[in-house]
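**Q** Have a peek at my_file_18.txt (compact mmCIF, C-alpha atoms and all ligand atoms).
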# COMPACT_ATOMS: atom_id res chain seq x y z
CA MET A 1 -44.20 -122.93 53.82
CA LYS A 2 -46.83 -122.32 56.51
CA SER A 3 -48.57 -118.98 56.79
CA VAL A 4 -48.87 -116.73 59.82
CA TYR A 5 -51.23 -113.80 60.46
CA ILE A 6 -50.56 -111.05 63.01
CA ALA A 7 -52.70 -107.93 63.40
CA PHE A 8 -51.35 -104.63 64.72
CA SER A 9 -52.84 -101.26 65.55
CA ALA A 10 -49.64 -99.72 66.94
CA ASP A 11 -48.24 -96.32 65.96
CA VAL A 12 -44.91 -96.97 67.57
CA ILE A 13 -43.24 -100.28 67.04
CA HIS A 14 -41.44 -101.54 70.13
CA SER A 15 -39.62 -104.69 71.22
CA GLY A 16 -42.88 -106.44 72.16
CA HIS A 17 -44.11 -106.19 68.56
CA LEU A 18 -40.74 -107.24 67.14
CA ASN A 19 -40.79 -110.31 69.41
CA ILE A 20 -44.16 -111.37 68.09
CA ILE A 21 -43.02 -110.95 64.48
CA GLU A 22 -39.82 -112.88 65.21
CA GLU A 23 -41.80 -115.76 66.71
CA GLY A 24 -44.14 -115.68 63.73
CA ALA A 25 -41.28 -115.80 61.21
CA LYS A 26 -40.01 -119.00 62.84
CA LEU A 27 -43.33 -120.64 61.94
CA GLY A 28 -43.84 -119.40 58.40
CA ASP A 29 -44.50 -116.46 56.08
CA VAL A 30 -45.78 -113.57 58.17
CA THR A 31 -48.66 -111.44 56.92
CA VAL A 32 -49.29 -108.38 59.08
CA GLY A 33 -52.86 -107.13 59.21
CA VAL A 34 -52.53 -103.38 59.76
CA LEU A 35 -55.69 -101.95 61.30
CA ALA A 36 -57.44 -99.28 59.24
CA ASP A 37 -57.72 -95.80 60.77
CA VAL A 38 -61.50 -96.21 61.17
CA ALA A 39 -61.05 -99.49 63.03
CA ILE A 40 -58.63 -97.89 65.52
CA ALA A 41 -60.76 -94.76 65.91
CA ALA A 42 -63.69 -96.97 66.89
CA TYR A 43 -62.04 -98.28 70.03
CA LYS A 44 -59.11 -96.12 71.09
CA ARG A 45 -57.50 -92.74 70.49
CA LEU A 46 -56.95 -91.68 66.90
CA PRO A 47 -53.73 -93.11 65.50
CA MET A 48 -50.86 -90.60 65.31
CA LEU A 49 -49.74 -92.08 62.00
CA ASP A 50 -52.24 -92.81 59.26
CA TYR A 51 -52.81 -96.25 57.76
CA GLU A 52 -50.50 -95.73 54.77
CA THR A 53 -47.56 -94.76 56.98
CA ARG A 54 -48.13 -97.59 59.44
CA ALA A 55 -48.49 -100.10 56.60
CA LYS A 56 -45.19 -98.94 55.12
CA LEU A 57 -43.44 -99.25 58.48
CA PHE A 58 -44.58 -102.84 58.96
CA ALA A 59 -43.84 -103.79 55.36
CA ASN A 60 -40.22 -102.80 55.89
CA LEU A 61 -39.65 -104.83 59.03
CA LYS A 62 -37.47 -107.92 58.93
CA GLY A 63 -39.60 -111.04 59.10
CA VAL A 64 -42.68 -109.49 57.49
CA ALA A 65 -43.59 -111.03 54.12
CA ASN A 66 -46.85 -109.17 53.39
CA VAL A 67 -49.02 -106.39 54.70
CA VAL A 68 -52.79 -106.31 54.31
CA LYS A 69 -55.40 -103.90 55.61
CA GLN A 70 -57.69 -105.09 58.39
CA ASP A 71 -60.80 -102.93 58.06
CA THR A 72 -62.44 -103.88 61.33
CA LEU A 73 -61.45 -104.92 64.82
CA SER A 74 -62.78 -108.33 63.92
CA TYR A 75 -60.30 -110.60 62.15
CA ALA A 76 -63.11 -112.54 60.45
CA GLU A 77 -62.87 -111.15 56.91
CA ASN A 78 -59.08 -111.46 56.61
CA LEU A 79 -58.91 -114.88 58.24
CA ARG A 80 -61.58 -116.29 55.91
CA ALA A 81 -59.81 -114.80 52.90
CA LEU A 82 -56.24 -115.78 53.83
CA LYS A 83 -56.80 -118.95 55.88
CA PRO A 84 -53.46 -118.66 57.70
CA ASP A 85 -52.09 -121.74 59.47
CA TYR A 86 -51.35 -119.65 62.54
CA VAL A 87 -52.59 -116.47 64.16
CA ILE A 88 -50.23 -115.00 66.72
CA HIS A 89 -51.22 -112.58 69.46
CA GLY A 90 -49.92 -111.51 72.86
CA ASP A 91 -51.67 -113.32 75.71
CA ASP A 92 -52.97 -110.01 77.09
CA TRP A 93 -56.29 -110.33 75.24
CA LYS A 94 -57.55 -113.34 77.18
CA SER A 95 -59.58 -111.11 79.46
CA GLY A 96 -61.03 -107.64 79.01
CA VAL A 97 -62.48 -105.89 76.00
CA GLN A 98 -60.66 -107.95 73.39
CA SER A 99 -61.78 -111.35 74.70
CA SER A 100 -64.76 -111.54 72.33
CA ILE A 101 -62.50 -110.77 69.35
CA ARG A 102 -60.18 -113.55 70.55
CA GLN A 103 -63.07 -116.02 70.79
CA GLU A 104 -64.13 -115.20 67.25
CA VAL A 105 -60.56 -115.84 66.03
CA ILE A 106 -60.56 -119.24 67.79
CA ASP A 107 -63.93 -120.15 66.22
CA ILE A 108 -62.87 -119.17 62.70
CA LEU A 109 -59.54 -121.02 62.97
CA ALA A 110 -61.48 -124.10 64.06
CA GLU A 111 -63.50 -123.93 60.80
CA TYR A 112 -60.44 -124.93 58.77
CA GLY A 113 -57.93 -126.28 61.30
CA GLY A 114 -55.81 -123.15 61.92
CA GLN A 115 -54.13 -122.55 65.24
CA LEU A 116 -53.93 -119.61 67.65
CA ILE A 117 -50.58 -119.09 69.31
CA GLU A 118 -50.43 -116.74 72.25
CA ILE A 119 -47.12 -115.55 73.51
CA PRO A 120 -46.49 -113.80 76.82
CA TYR A 121 -47.04 -110.08 76.35
CA THR A 122 -44.36 -108.06 78.08
CA VAL A 123 -44.64 -104.32 77.89
CA GLY A 124 -41.16 -103.06 78.62
CA VAL A 125 -40.42 -99.84 80.45
CA SER A 126 -39.42 -98.25 77.17
CA ALA A 127 -42.77 -99.10 75.56
CA SER A 128 -44.75 -97.52 78.39
CA GLU A 129 -42.44 -94.51 78.32
CA ILE A 130 -43.11 -94.14 74.56
CA GLU A 131 -46.86 -94.37 75.22
CA ARG A 132 -46.54 -91.71 77.93
CA ARG A 133 -44.63 -89.37 75.63
CA LEU A 134 -47.09 -89.94 72.82
CA ALA A 135 -49.96 -89.11 75.16
CA SER A 136 -48.33 -85.79 76.08
CA LEU A 137 -47.73 -84.97 72.41
CA ASP A 138 -51.47 -85.46 72.02
CA ARG A 139 -52.01 -82.25 74.01
CA THR A 140 -49.93 -79.94 71.88
CA PRO A 141 -52.06 -77.28 70.13
CA ASP A 142 -51.36 -78.46 66.58
CA ILE A 143 -52.25 -82.07 67.18
CA ARG A 144 -55.21 -81.29 69.38
CA ARG A 145 -56.70 -78.74 67.00
CA GLY A 146 -56.70 -81.14 64.07
CA LYS A 147 -58.40 -83.98 65.90
CA LEU A 148 -61.97 -82.87 65.27
CA ARG A 149 -61.56 -82.84 61.49
CA ARG A 150 -59.87 -86.23 61.63
CA MET A 151 -62.66 -87.64 63.78
CA LEU A 152 -65.29 -86.35 61.38
CA LYS A 153 -63.55 -88.36 58.67
CA LEU A 154 -63.03 -91.51 60.70
CA LYS A 155 -66.10 -91.85 62.91
CA PRO A 156 -69.76 -92.27 62.00
CA TYR A 157 -70.44 -89.42 64.44
CA VAL A 158 -68.56 -87.49 67.13
CA ARG A 159 -69.89 -87.75 70.70
CA VAL A 160 -69.34 -84.57 72.73
CA MET A 161 -69.88 -83.77 76.40
CA GLU A 162 -69.91 -80.45 78.25
CA ALA A 163 -66.74 -79.61 80.15
CA SER A 164 -66.75 -76.45 82.23
CA ASN A 165 -63.61 -76.67 84.38
CA GLY A 166 -60.57 -78.85 84.95
CA LEU A 167 -62.46 -81.46 86.94
CA SER A 168 -65.37 -81.92 84.53
CA GLY A 169 -62.79 -81.90 81.71
CA LEU A 170 -61.12 -84.86 83.42
CA ILE A 171 -64.48 -86.63 83.66
CA VAL A 172 -65.04 -86.20 79.91
CA GLU A 173 -61.45 -87.22 79.20
CA ASN A 174 -61.41 -90.35 81.34
CA THR A 175 -64.94 -91.75 81.57
CA ARG A 176 -65.21 -94.93 79.57
CA ILE A 177 -67.21 -98.11 79.65
CA GLU A 178 -66.35 -101.50 78.23
CA VAL A 179 -68.57 -102.69 75.42
CA GLU A 180 -68.45 -105.67 73.07
CA GLY A 181 -65.03 -105.62 71.40
CA GLY A 182 -63.80 -102.28 72.73
CA VAL A 183 -64.47 -99.27 74.89
CA LYS A 184 -66.94 -96.41 74.57
CA GLU A 185 -66.05 -92.87 75.57
CA TYR A 186 -66.60 -89.20 74.70
CA ASP A 187 -64.72 -87.95 71.67
CA ALA A 188 -64.62 -84.24 72.38
CA MET A 189 -65.57 -81.45 74.80
CA TRP A 190 -68.10 -78.65 74.56
CA VAL A 191 -67.34 -75.45 76.42
CA SER A 192 -70.89 -74.23 76.84
CA SER A 193 -71.80 -70.58 77.40
CA LEU A 194 -74.73 -71.68 79.58
CA CYS A 195 -72.57 -73.85 81.84
CA ASP A 196 -69.52 -71.59 81.92
CA SER A 197 -71.83 -68.71 82.97
CA THR A 198 -73.92 -70.74 85.41
CA PHE A 199 -70.87 -72.11 87.23
CA LYS A 200 -69.87 -68.49 87.78
CA GLY A 201 -73.35 -67.60 89.04
CA LYS A 202 -73.97 -65.41 85.99
CA PRO A 203 -76.76 -65.39 83.37
CA ASP A 204 -76.05 -66.74 79.88
CA ILE A 205 -76.12 -63.35 78.10
CA GLU A 206 -72.51 -62.96 76.88
CA LEU A 207 -71.73 -61.39 80.24
CA VAL A 208 -68.82 -63.75 80.91
CA ASP A 209 -66.25 -62.17 78.65
CA LEU A 210 -63.79 -63.80 76.25
CA THR A 211 -60.85 -63.50 78.66
CA SER A 212 -62.78 -65.48 81.23
CA ARG A 213 -63.95 -68.06 78.67
CA ILE A 214 -60.34 -68.51 77.61
CA ASN A 215 -59.32 -69.07 81.22
CA THR A 216 -61.86 -71.88 81.36
CA ILE A 217 -60.52 -73.35 78.13
CA ASN A 218 -56.95 -73.19 79.40
CA GLU A 219 -57.94 -74.84 82.67
CA ILE A 220 -59.50 -77.71 80.75
CA MET A 221 -56.69 -77.94 78.23
CA GLU A 222 -54.04 -78.22 80.89
CA VAL A 223 -55.36 -81.55 82.09
CA THR A 224 -56.94 -83.13 79.00
CA SER A 225 -56.18 -84.04 75.39
CA LYS A 226 -59.55 -84.33 73.63
CA PRO A 227 -60.60 -81.75 71.04
CA ILE A 228 -62.56 -78.72 72.22
CA ILE A 229 -65.56 -77.08 70.56
CA LEU A 230 -66.28 -73.62 71.92
CA ASP A 231 -69.75 -72.18 72.20
CA GLY A 232 -68.89 -68.74 70.82
CA ASP A 233 -72.34 -67.19 71.41
CA THR A 234 -72.90 -64.55 68.68
CA GLY A 235 -69.17 -64.15 68.06
CA GLY A 236 -69.55 -60.44 68.89
CA LYS A 237 -68.55 -57.70 66.48
CA ILE A 238 -66.91 -58.78 63.22
CA GLU A 239 -63.83 -56.72 64.08
CA HIS A 240 -63.52 -58.60 67.37
CA PHE A 241 -64.43 -62.03 65.98
CA VAL A 242 -61.33 -62.20 63.77
CA TYR A 243 -59.14 -61.83 66.84
CA THR A 244 -61.14 -64.46 68.71
CA VAL A 245 -60.58 -66.94 65.88
CA LYS A 246 -56.83 -66.34 65.87
CA THR A 247 -56.61 -66.73 69.65
CA LEU A 248 -58.61 -69.96 69.72
CA GLU A 249 -56.65 -71.38 66.85
CA ARG A 250 -53.36 -70.62 68.55
CA LEU A 251 -54.52 -72.30 71.76
CA GLY A 252 -55.45 -75.50 69.93
CA VAL A 253 -59.25 -75.21 70.08
CA SER A 254 -60.73 -77.23 67.20
CA ALA A 255 -63.90 -75.32 66.43
CA ILE A 256 -66.15 -72.44 67.36
CA ILE A 257 -69.89 -72.35 66.89
CA VAL A 258 -71.42 -68.91 66.43
CA GLU A 259 -75.15 -68.29 66.49
CA ASP A 260 -77.02 -65.98 64.17
CA LYS A 261 -78.51 -63.75 66.84
CA THR A 262 -77.98 -60.10 67.50
CA GLY A 263 -78.69 -57.72 70.37
CA LEU A 264 -78.78 -59.08 73.91
CA LYS A 265 -78.23 -62.81 73.50
CA GLN A 266 -80.62 -64.97 75.48
CA ASN A 267 -80.26 -68.72 75.98
CA SER A 268 -81.97 -70.62 73.16
CA LEU A 269 -83.88 -72.90 75.49
CA PHE A 270 -86.06 -69.93 76.53
CA GLY A 271 -87.32 -70.07 72.94
CA THR A 272 -89.78 -67.31 72.16
CA ASP A 273 -90.39 -66.72 75.90
CA ALA A 274 -87.37 -64.43 75.57
CA LYS A 275 -86.71 -61.85 72.86
CA GLN A 276 -84.64 -63.67 70.24
CA VAL A 277 -83.50 -61.32 67.49
CA LEU A 278 -81.90 -62.94 64.45
CA ASP A 279 -79.06 -61.22 62.63
CA GLU A 280 -79.44 -60.07 59.03
CA PRO A 281 -78.25 -63.23 57.20
CA HIS A 282 -75.76 -61.59 54.81
CA GLU A 283 -74.28 -59.66 57.71
CA PHE A 284 -73.85 -62.87 59.69
CA ALA A 285 -72.29 -64.55 56.64
CA ARG A 286 -69.84 -61.65 56.53
CA LYS A 287 -68.82 -62.44 60.13
CA ILE A 288 -68.18 -66.08 59.32
CA HIS A 289 -66.29 -65.16 56.18
CA ALA A 290 -64.07 -62.76 58.11
CA GLY A 291 -63.35 -65.53 60.64
CA LYS A 292 -62.47 -68.01 57.89
CA GLN A 293 -60.14 -65.45 56.32
CA ALA A 294 -58.47 -64.79 59.69
CA GLN A 295 -57.55 -68.37 60.49
CA THR A 296 -54.12 -69.57 59.52
CA THR A 297 -54.41 -73.36 59.73
CA ARG A 298 -56.64 -75.65 57.70
CA ASP A 299 -57.74 -77.51 60.81
CA PHE A 300 -59.80 -74.89 62.64
CA MET A 301 -63.54 -75.02 61.95
CA ILE A 302 -66.28 -72.40 62.16
CA PHE A 303 -69.83 -73.66 62.47
CA ALA A 304 -72.84 -71.45 61.78
CA ARG A 305 -75.58 -72.02 64.33
CA LEU A 306 -79.08 -71.60 62.98
CA GLU A 307 -81.52 -70.16 65.48
CA SER A 308 -84.53 -69.87 63.15
CA LEU A 309 -86.42 -72.70 64.85
CA ILE A 310 -85.66 -71.27 68.30
CA ALA A 311 -86.98 -67.85 67.24
CA GLY A 312 -90.12 -69.40 65.72
CA MET A 313 -89.13 -68.45 62.16
CA GLY A 314 -89.59 -71.91 60.68
CA ILE A 315 -87.72 -74.32 58.44
CA ASP A 316 -87.80 -72.18 55.27
CA ASP A 317 -85.97 -69.42 57.12
CA ALA A 318 -83.43 -71.92 58.50
CA MET A 319 -82.79 -73.33 55.00
CA MET A 320 -82.42 -69.88 53.47
CA ARG A 321 -79.89 -68.93 56.16
CA ALA A 322 -78.00 -72.23 55.92
CA ARG A 323 -77.41 -71.60 52.20
CA ILE A 324 -76.15 -68.08 52.82
CA TYR A 325 -73.84 -69.06 55.68
CA LEU A 326 -72.33 -71.91 53.67
CA GLU A 327 -72.15 -70.24 50.25
CA GLU A 328 -71.29 -66.65 51.22
CA GLY A 329 -69.73 -67.23 54.62
CA GLY A 330 -67.81 -70.38 53.84
CA ALA A 331 -68.86 -72.00 57.15
CA ASP A 332 -67.34 -75.44 57.71
CA GLY A 333 -70.65 -76.79 58.93
CA ILE A 334 -73.88 -75.88 60.64
CA MET A 335 -75.58 -76.45 63.94
CA ILE A 336 -79.34 -76.64 63.82
CA HIS A 337 -81.00 -75.98 67.16
CA SER A 338 -84.52 -76.74 68.36
CA ARG A 339 -86.23 -76.79 71.71
CA HIS A 340 -89.22 -78.86 70.61
CA LYS A 341 -89.43 -82.12 72.44
CA ASP A 342 -90.65 -84.33 69.61
CA GLY A 343 -87.76 -83.53 67.23
CA SER A 344 -90.04 -83.41 64.19
CA GLU A 345 -88.76 -80.03 62.99
CA ILE A 346 -85.17 -81.29 63.19
CA ILE A 347 -86.08 -84.34 61.11
CA GLU A 348 -87.85 -82.22 58.50
CA PHE A 349 -85.03 -79.68 58.36
CA MET A 350 -82.48 -82.46 57.91
CA ARG A 351 -84.50 -84.10 55.14
CA ARG A 352 -84.38 -80.84 53.21
CA PHE A 353 -80.83 -79.90 54.15
CA ARG A 354 -79.32 -83.26 53.22
CA ALA A 355 -81.06 -83.14 49.84
CA GLU A 356 -78.96 -80.05 49.06
CA TYR A 357 -75.83 -80.64 51.13
CA ALA A 358 -74.95 -84.29 51.46
CA ASP A 359 -71.56 -83.88 53.09
CA VAL A 360 -71.61 -80.67 55.16
CA PRO A 361 -71.07 -81.53 58.85
CA VAL A 362 -74.16 -80.96 61.00
CA ILE A 363 -74.24 -80.56 64.77
CA PHE A 364 -77.19 -81.45 67.01
CA VAL A 365 -77.69 -80.43 70.62
CA PRO A 366 -80.49 -82.82 71.62
CA THR A 367 -81.25 -81.38 75.05
CA SER A 368 -85.01 -81.23 74.39
CA TYR A 369 -85.50 -84.06 71.91
CA ASN A 370 -83.46 -86.44 74.04
CA HIS A 371 -85.48 -89.60 73.40
CA PHE A 372 -83.50 -90.12 70.18
CA THR A 373 -80.47 -92.39 70.50
CA GLU A 374 -77.15 -91.32 69.04
CA GLU A 375 -77.58 -93.92 66.30
CA GLU A 376 -80.98 -92.45 65.37
CA LEU A 377 -79.54 -88.92 65.28
CA CYS A 378 -76.70 -90.16 63.10
CA GLU A 379 -79.25 -91.85 60.84
CA ILE A 380 -81.05 -88.54 60.18
CA GLY A 381 -77.75 -86.89 59.26
CA GLY A 382 -76.09 -85.68 62.47
CA ASN A 383 -72.28 -85.74 62.52
CA ILE A 384 -71.63 -84.21 65.94
CA ILE A 385 -73.89 -84.84 68.92
CA ILE A 386 -73.43 -82.57 71.92
CA TYR A 387 -74.60 -83.30 75.47
CA ALA A 388 -74.47 -79.61 76.30
CA ASN A 389 -75.14 -79.26 80.01
CA HIS A 390 -75.60 -82.63 81.67
CA LEU A 391 -72.65 -82.59 84.07
CA LEU A 392 -73.67 -79.21 85.47
CA ARG A 393 -77.31 -80.24 85.70
CA SER A 394 -76.55 -83.45 87.55
CA ALA A 395 -73.96 -81.89 89.88
CA TYR A 396 -76.23 -79.06 91.04
CA PRO A 397 -79.06 -81.10 92.63
CA ALA A 398 -76.48 -83.37 94.27
CA MET A 399 -74.77 -80.36 95.88
CA VAL A 400 -78.05 -78.73 96.99
CA ASN A 401 -79.25 -82.00 98.55
CA THR A 402 -76.02 -82.35 100.50
CA ALA A 403 -76.18 -78.74 101.68
CA LYS A 404 -79.80 -79.27 102.87
CA LYS A 405 -79.09 -82.58 104.59
CA ILE A 406 -76.29 -81.09 106.67
CA LEU A 407 -78.62 -78.26 107.73
CA GLU A 408 -81.31 -80.78 108.69
CA CYS A 409 -79.00 -83.03 110.69
CA GLY A 410 -76.74 -80.47 112.26
CA ARG A 411 -73.78 -82.63 111.24
CA SER A 412 -72.32 -84.22 108.12
CA LYS A 413 -72.37 -87.92 109.05
CA GLU A 414 -75.64 -88.50 107.12
CA VAL A 415 -74.10 -87.45 103.81
CA ASP A 416 -71.13 -89.81 104.06
CA ASP A 417 -72.66 -92.27 101.60
CA VAL A 418 -73.29 -89.66 98.88
CA CYS A 419 -69.82 -88.12 99.20
CA LEU A 420 -66.46 -89.27 97.92
CA SER A 421 -64.32 -90.36 100.85
CA ILE A 422 -61.42 -88.06 101.69
CA LYS A 423 -59.09 -90.88 100.62
CA GLU A 424 -60.81 -90.96 97.21
CA VAL A 425 -60.63 -87.18 96.81
CA LEU A 426 -56.93 -87.20 97.61
CA SER A 427 -56.21 -89.90 95.07
CA LEU A 428 -58.56 -88.52 92.39
CA ILE A 429 -55.85 -86.36 90.86
CA PRO A 430 -52.49 -88.08 90.99
CA THR A 431 -49.36 -85.98 91.35
CA GLU A 432 -47.37 -85.97 88.13
CA ASN A 433 -43.75 -86.95 88.47
C1 LIG B 501 -74.99 -73.80 75.58
O1 LIG B 501 -74.72 -74.91 76.07
O2 LIG B 501 -74.64 -72.75 76.11
C2 LIG B 501 -75.73 -73.71 74.33
C3 LIG B 501 -76.70 -74.74 73.98
O3 LIG B 501 -75.58 -72.71 73.64
S1 LIG B 501 -78.23 -74.21 74.58
O4 LIG B 501 -78.12 -73.99 76.01
O5 LIG B 501 -79.20 -75.26 74.25
O6 LIG B 501 -78.58 -72.97 73.89
MG MG B 502 -74.66 -71.13 74.61
In structure tokens, write the structure found in this file.

**A**
Amino acid sequence: MKSVYIAFSADVIHSGHLNIIEEGAKLGDVTVGVLADVAIAAYKRLPMLDYETRAKLFANLKGVANVVKQDTLSYAENLRALKPDYVIHGDDWKSGVQSSIRQEVIDILAEYGGQLIEIPYTVGVSASEIERRLASLDRTPDIRRGKLRRMLKLKPYVRVMEASNGLSGLIVENTRIEVEGGVKEYDAMWVSSLCDSTFKGKPDIELVDLTSRINTINEIMEVTSKPIILDGDTGGKIEHFVYTVKTLERLGVSAIIVEDKTGLKQNSLFGTDAKQVLDEPHEFARKIHAGKQAQTTRDFMIFARLESLIAGMGIDDAMMRARIYLEEGGADGIMIHSRHKDGSEIIEFMRRFRAEYADVPVIFVPTSYNHFTEEELCEIGGNIIIYANHLLRSAYPAMVNTAKKILECGRSKEVDDVCLSIKEVLSLIPTEN
């Protein structure tokens, strides 16, 4: 009996998959390589069903003899171990992001005389309809809320971009580039107090109230599916914070970050140029604890944001507070903030923090120390990396330049090449049917 290997990442099995298995079974014993959750998370949306469930589904299909786990997008390890006579795949991977994976399969098969069989890939109407329905399920509060915790388990780090309205939410949702073997995109959205306030022409001093922040969140949520982390400023009074947590949780927000300041909150990037008053640490821990008690799901996360370095209080103070917020408050993780350009205080803090807390999720907002790559930040212990304000900051100069140019020229013809065409604007947001 010949052997056949077919890899699948699908959540929903449709006629296209069954066809491939049927063709495979005509040739020999079919082993299905079911992609591990981490392998899927690395190149497309998180699987709806976890590995164990998907493996069980495939194992029970007619024509499938065995199921094995495929830990990576690359087939290399399984092909070298199993040496199947045939690998079967749809012909849709000849071009695009999977073409390098395909080439590797061809090269490995050539090592021992195996054969690649590609069969025409036909996605039926029903399959695309299933995909469409799955995508809309992805936006329901329960599924959306839980995504951040799942990502923290499945990804080396979570890449987050600021989203401040429906349109920038769509940019974060849809921007992707093709890279070797897959695509690269943002994992989640940051609803920044600085950007939400600035877009409204207001200072970042907790002046934009919770009702307005929630309007922003709803606007973004209506058109996107990625998890949302809210910049919760100081979280306000404890008695109010518990209601905030319940509201956010109900909406499907994944996490709130609250900072350990008190009094009139000033943006951290002012550093000590503004008056930055830190809260009494046990009092702040009490706020976090009350929030954790108020939440009803296990998914929602509360991060304690340490402002010691911003307020010039040093690493010892930050460590002391981190312990209190985690031990007494029960925070799900911390955010350590710094406005120093060289990043040395972040590195030193992380060296000490990781020695005590190996697994607690840590968030970085590398606005100042932005020469570090994501990989380097992950290396020093970061789990969530937030680009906190870059869409706002790039949009503003573009708008001011256009406004000036039209004044200079007395007409708008000269800005044609920096503007989207009207045709492009009209097709930017398709009408749903
Ligand atoms: C924000 O984006 O509002 C933040 C991050 O809180 S920072 O502006 O760096 O304080
Ligand atoms: Mg803020």

**Q** Residues contacting ligand MG 502 (chain B) - anything with an atom at most 6 Å away, using only C-alpha atoms and all ligand atoms - can you give me those as a list in words?

**A** Ser192, Ser193, Leu194, Asp231 and Asp233 of chain A

**Q** Pick the closest to ligand LIG 501 (chain B) from A:Asp92, A:Glu249, A:Glu129, A:Glu259: which is it, counting only C-alpha atoms and all ligand atoms?

**A** A:Glu259

**Q** Given only C-alpha atoms and all ligand atoms as the basis, pick out the residue of A:Asp71, A:Glu111, A:Asp196, A:Glu328 nearest to ligand LIG 501 (chain B).

**A** A:Asp196

**Q** Suppose you want the space between atom CA of A:Ile143 and atom CA of A:Val258; what is it in Å?

**A**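 These two atoms are separated by 23.3 Å.
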
**Q** Which of these residues is nearest to ligand LIG 501 (chain B), using all atoms listed in the file: A:Gly16, A:Pro227, A:Pro203, A:Gly382?

**A** A:Pro203

**Q** Rounded to one decimal in Å, what is the spacing between atom CA of A:Leu269 and atom CA of A:Ala304?

**A**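 For atom CA of A:Leu269 relative to atom CA of A:Ala304, the distance reads 17.7 Å.
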
**Q** Got a sec: who's within 10 Å of A:Ile347, counting only C-alpha atoms, leaving out chain neighbours fewer than 5 positions off, as JSON, numbers by chain?

**A** {"A": [342, 352, 353, 377, 380, 381]}

**Q** Restricting the calculation to all atoms listed in the file: of A:Glu280, A:Asp11, A:Glu180, A:Glu414, which residue gets closest to A:Ser99?

**A**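 Smallest separation from A:Ser99 among the options: A:Glu180.
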
**Q** Using all atoms listed in the file, tabulate the residues of chain A lying at most 9 Å from any atom of ligand LIG 501 (chain B), each with its closest atom pair and that distance in Å to one decimal, by chain and increasing residue number, as JSON lines.

**A**
{"residue": "A:Glu162", "atom": "CA", "partner": "B:LIG501", "partner_atom": "O1", "distance": 7.7}
{"residue": "A:Trp190", "atom": "CA", "partner": "B:LIG501", "partner_atom": "O1", "distance": 7.8}
{"residue": "A:Val191", "atom": "CA", "partner": "B:LIG501", "partner_atom": "O1", "distance": 7.4}
{"residue": "A:Ser192", "atom": "CA", "partner": "B:LIG501", "partner_atom": "O1", "distance": 4.0}
{"residue": "A:Ser193", "atom": "CA", "partner": "B:LIG501", "partner_atom": "O2", "distance": 3.8}
{"residue": "A:Leu194", "atom": "CA", "partner": "B:LIG501", "partner_atom": "O2", "distance": 3.6}
{"residue": "A:Cys195", "atom": "CA", "partner": "B:LIG501", "partner_atom": "O2", "distance": 6.2}
{"residue": "A:Asp196", "atom": "CA", "partner": "B:LIG501", "partner_atom": "O2", "distance": 7.8}
{"residue": "A:Ser197", "atom": "CA", "partner": "B:LIG501", "partner_atom": "O2", "distance": 8.4}
{"residue": "A:Asp204", "atom": "CA", "partner": "B:LIG501", "partner_atom": "O2", "distance": 7.2}
{"residue": "A:Asp231", "atom": "CA", "partner": "B:LIG501", "partner_atom": "O3", "distance": 6.0}
{"residue": "A:Gly232", "atom": "CA", "partner": "B:LIG501", "partner_atom": "O3", "distance": 8.3}
{"residue": "A:Asp233", "atom": "CA", "partner": "B:LIG501", "partner_atom": "O3", "distance": 6.8}
{"residue": "A:Ile257", "atom": "CA", "partner": "B:LIG501", "partner_atom": "O3", "distance": 8.8}
{"residue": "A:Glu259", "atom": "CA", "partner": "B:LIG501", "partner_atom": "O3", "distance": 8.4}
{"residue": "A:Gln266", "atom": "CA", "partner": "B:LIG501", "partner_atom": "O6", "distance": 8.4}
{"residue": "A:Asn267", "atom": "CA", "partner": "B:LIG501", "partner_atom": "O6", "distance": 5.0}
{"residue": "A:Ser268", "atom": "CA", "partner": "B:LIG501", "partner_atom": "O6", "distance": 4.2}
{"residue": "A:Leu269", "atom": "CA", "partner": "B:LIG501", "partner_atom": "O5", "distance": 5.4}
{"residue": "A:Phe270", "atom": "CA", "partner": "B:LIG501", "partner_atom": "O6", "distance": 8.5}
{"residue": "A:His337", "atom": "CA", "partner": "B:LIG501", "partner_atom": "O5", "distance": 7.4}
{"residue": "A:Ser338", "atom": "CA", "partner": "B:LIG501", "partner_atom": "O5", "distance": 8.1}
{"residue": "A:Arg339", "atom": "CA", "partner": "B:LIG501", "partner_atom": "O5", "distance": 7.6}
{"residue": "A:Val365", "atom": "CA", "partner": "B:LIG501", "partner_atom": "O5", "distance": 6.5}
{"residue": "A:Pro366", "atom": "CA", "partner": "B:LIG501", "partner_atom": "O5", "distance": 8.1}
{"residue": "A:Thr367", "atom": "CA", "partner": "B:LIG501", "partner_atom": "O5", "distance": 6.5}
{"residue": "A:Ser368", "atom": "CA", "partner": "B:LIG501", "partner_atom": "O5", "distance": 8.3}
{"residue": "A:Ile386", "atom": "CA", "partner": "B:LIG501", "partner_atom": "C3", "distance": 8.7}
{"residue": "A:Tyr387", "atom": "CA", "partner": "B:LIG501", "partner_atom": "O1", "distance": 8.4}
{"residue": "A:Ala388", "atom": "CA", "partner": "B:LIG501", "partner_atom": "O1", "distance": 4.7}
{"residue": "A:Asn389", "atom": "CA", "partner": "B:LIG501", "partner_atom": "O1", "distance": 5.9}

**Q** Residues within 9 Å of A:Val415, please, as an NGL selection string. Count all atoms listed in the file; anything in the same chain fewer than 3 positions from it doesn't count.

**A** :A and (402 or 405-406 or 411-412 or 418-419)

**Q** Could you pull the residues within 6 Å of stretch 331-334 of chain A, counting all atoms listed in the file, minus those fewer than 5 positions along the same chain, as a list in words?

**A** Met301, Ile302, Phe303, Ala304, Arg305, Tyr325, Leu326, Val360, Pro361 and Val362 of chain A
